[in-house]
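Here's the structure we're looking at; comments come further down.
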Amino acid sequence: MAADTSGNVPIENCVQAFEPYIALNSHVRKPVIHISLNPSPKDILSEEQMTILAQEFMEKFGYGNQPYIVWLHEDIDRKHVHIVSVRINEKGEKIDHNREAVRAQNICREMEVKYGLHPTLGEHGERELLALQKVDYPKGDVKAQAKHTARTLLECYNCHSLGEYNTLLNLYNITVYEVRGSVDGKEYHGIMYGALDDNGQQVGTPFKSSKFGKVFGYEALQKKFAASAEKVKKDNLPERTRQEITKAMQDIGTKEDFARRLKEADIEVVYRINPEGRLYGITFIDHTSRTVFNGSRLGKPFSANVFNELFNNPEADRERLIPPTGQEVSRQDRDTEREERKETEERQEQQYHRQPETSESLIDTSALGAVDIFSVLMEDDHTHEYIDPAFRYGRKKKKKRRRRL
């Protein structure tokens, strides 16, 4: 291709590179594909690194042998690249387009983990999460406030249990808890949602999950937690959290100082302290991996008992209690992992024997807890736009045909 003296390639020349391919198959209605890769603003990437991401994405997406054009854009608050290619290969065959949005999303997940990128949401989801506010009881319409917040956090974060989900919701003045009972000898499990004030005290009347929709109910939540556990394990999400906590534990001082250090690493810590001042529970919310961990889930060195000793016992054996940085997974951690696997198996066994709920899921299970970091958009007149299934609002109603009399 020819270039002008500035090194820019005229758009006409770019289009000409696709014409021989397009001419091989006139049946393809939308022969040009346009993809936009948008890493998080937190990821400061060079032009070379962005090029590597683009090349790897196209290889995995099935377009590695196709002609394609990549250009860097900075017209928004972060660097991003645009890629344009052609859907027809040199044999005149249309490249497989089945499940393109899902495949693209999975590729992005792999690249996030491989290169340590910050997971972000599509533009719509990013705006929702950033704009999320605490439930304001005096403001009214509590049900709508709570439902919106609970849905957004459920979609965007990984939680292993109802307790972890509740800790996350508490940050936004919402509580969730389980109620059990039996009717005619048949046991049932219910889920309740309620509003909290800024002191953590419940206010107003709680709502049954059925008031929000079945996707907020017991069965749906158990499936979500199981899916999150699999994702956390597959992507090794605890490793980054453990490393940051371990670094913050070195020369640990007060609870406030420890929380401040973790905040710098984008991790929020929640303490549960009884009236006597004993720390009996600790939860870490990693906003980078968007995962919630009870301390013991990360291993015994991160359990509440350890931090209670460090904060409340001046004579605590710090050398024994504080893990060194760069420490490999200990035997105790491996025991914890085995216990988690056992819990997962038991939970799956319980789900197998329960009567499944017949309801339409809030979002596709493949997208639970993981909304795309790279928006995959299709060119205006040549292709259609892909919208993350997590934020697809309903279906268009079919027009009723009038019967002719």
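Labeling convention for the structure tokens: chains A, B, ... as they appear, residues from 1 per chain, ligands from 1 in order of appearance.
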Which of region 78-302 of chain A end up as helix (DSSP H, G or I) when DSSP is run on this backbone - answer as JSON, numbers by chain? {"A": [100, 101, 102, 103, 104, 105, 106, 107, 108, 109, 110, 111, 112, 113, 114, 115, 123, 124, 125, 126, 127, 128, 129, 130, 137, 138, 139, 142, 143, 144, 145, 146, 147, 148, 149, 150, 151, 152, 153, 154, 155, 156, 162, 163, 164, 165, 166, 167, 168, 169, 170, 209, 210, 211, 214, 215, 216, 218, 219, 220, 221, 222, 223, 224, 225, 226, 227, 228, 229, 230, 231, 232, 233, 234, 237, 238, 239, 240, 241, 242, 243, 244, 245, 246, 247, 248, 249, 255, 256, 257, 258, 259, 260, 261, 262, 263, 264, 295, 296, 297, 298, 300, 301, 302]}
Counting only C-alpha atoms, what is within 9 Å of region 54-68 of chain A, bar same-chain residues fewer than 5 positions away, as a PDB file with C-alpha atoms, in the first residue's frame?
ATOM      1  CA  CYS A  14      -7.308   0.199   2.651  1.00  0.00           C
ATOM      2  CA  ALA A  17      -7.114  -4.438  -0.210  1.00  0.00           C
ATOM      3  CA  PHE A  18     -10.491  -6.015   0.597  1.00  0.00           C
ATOM      4  CA  LEU A  37     -10.655  -3.023  21.496  1.00  0.00           C
ATOM      5  CA  GLN A  49       1.510  -3.463  23.325  1.00  0.00           C
ATOM      6  CA  VAL A  81      -7.702   0.447  18.675  1.00  0.00           C
ATOM      7  CA  HIS A  82     -10.009  -0.052  15.728  1.00  0.00           C
ATOM      8  CA  ILE A  83      -9.639  -3.084  13.478  1.00  0.00           C
ATOM      9  CA  VAL A  84     -11.306  -3.490  10.101  1.00  0.00           C
ATOM     10  CA  SER A  85     -11.176  -6.757   8.156  1.00  0.00           C
ATOM     11  CA  VAL A  86     -13.116  -8.774   5.600  1.00  0.00           C
ATOM     12  CA  ARG A  87     -15.339 -11.769   6.334  1.00  0.00           C
ATOM     13  CA  ILE A  88     -14.505 -13.674   3.130  1.00  0.00           C
ATOM     14  CA  ASN A  89     -11.311 -15.719   2.885  1.00  0.00           C
ATOM     15  CA  GLU A  90      -9.091 -16.235  -0.182  1.00  0.00           C
ATOM     16  CA  ILE A  95     -15.485 -17.015   7.856  1.00  0.00           C
ATOM     17  CA  ASP A  96     -17.489 -18.699  10.600  1.00  0.00           C
ATOM     18  CA  GLU A 100     -19.096 -14.282  17.479  1.00  0.00           C
ATOM     19  CA  ARG A 103     -16.192 -16.094  21.323  1.00  0.00           C
ATOM     20  CA  ALA A 104     -14.921 -12.517  21.351  1.00  0.00           C
ATOM     21  CA  ILE A 107     -10.905 -14.264  24.036  1.00  0.00           C
ATOM     22  CA  CYS A 108     -10.972 -11.008  25.990  1.00  0.00           C
ATOM     23  CA  MET A 111      -6.157 -11.895  27.361  1.00  0.00           C
TER      24      MET A 111
END
Write out as a PyMOL selection string which residues come within 7 Å of region 292-304 of chain A when counting only C-alpha atoms, dropping same-chain ones fewer than 4 positions away. chain A and resi 158-159+164+238+242+279-286+308+321+323+332-333+336
Neighbours of Gly190 (chain A) within 8 Å (only C-alpha atoms; same-chain residues fewer than 3 positions away dropped), as a PyMOL selection string? chain A and resi 178-180+208-209+217-218
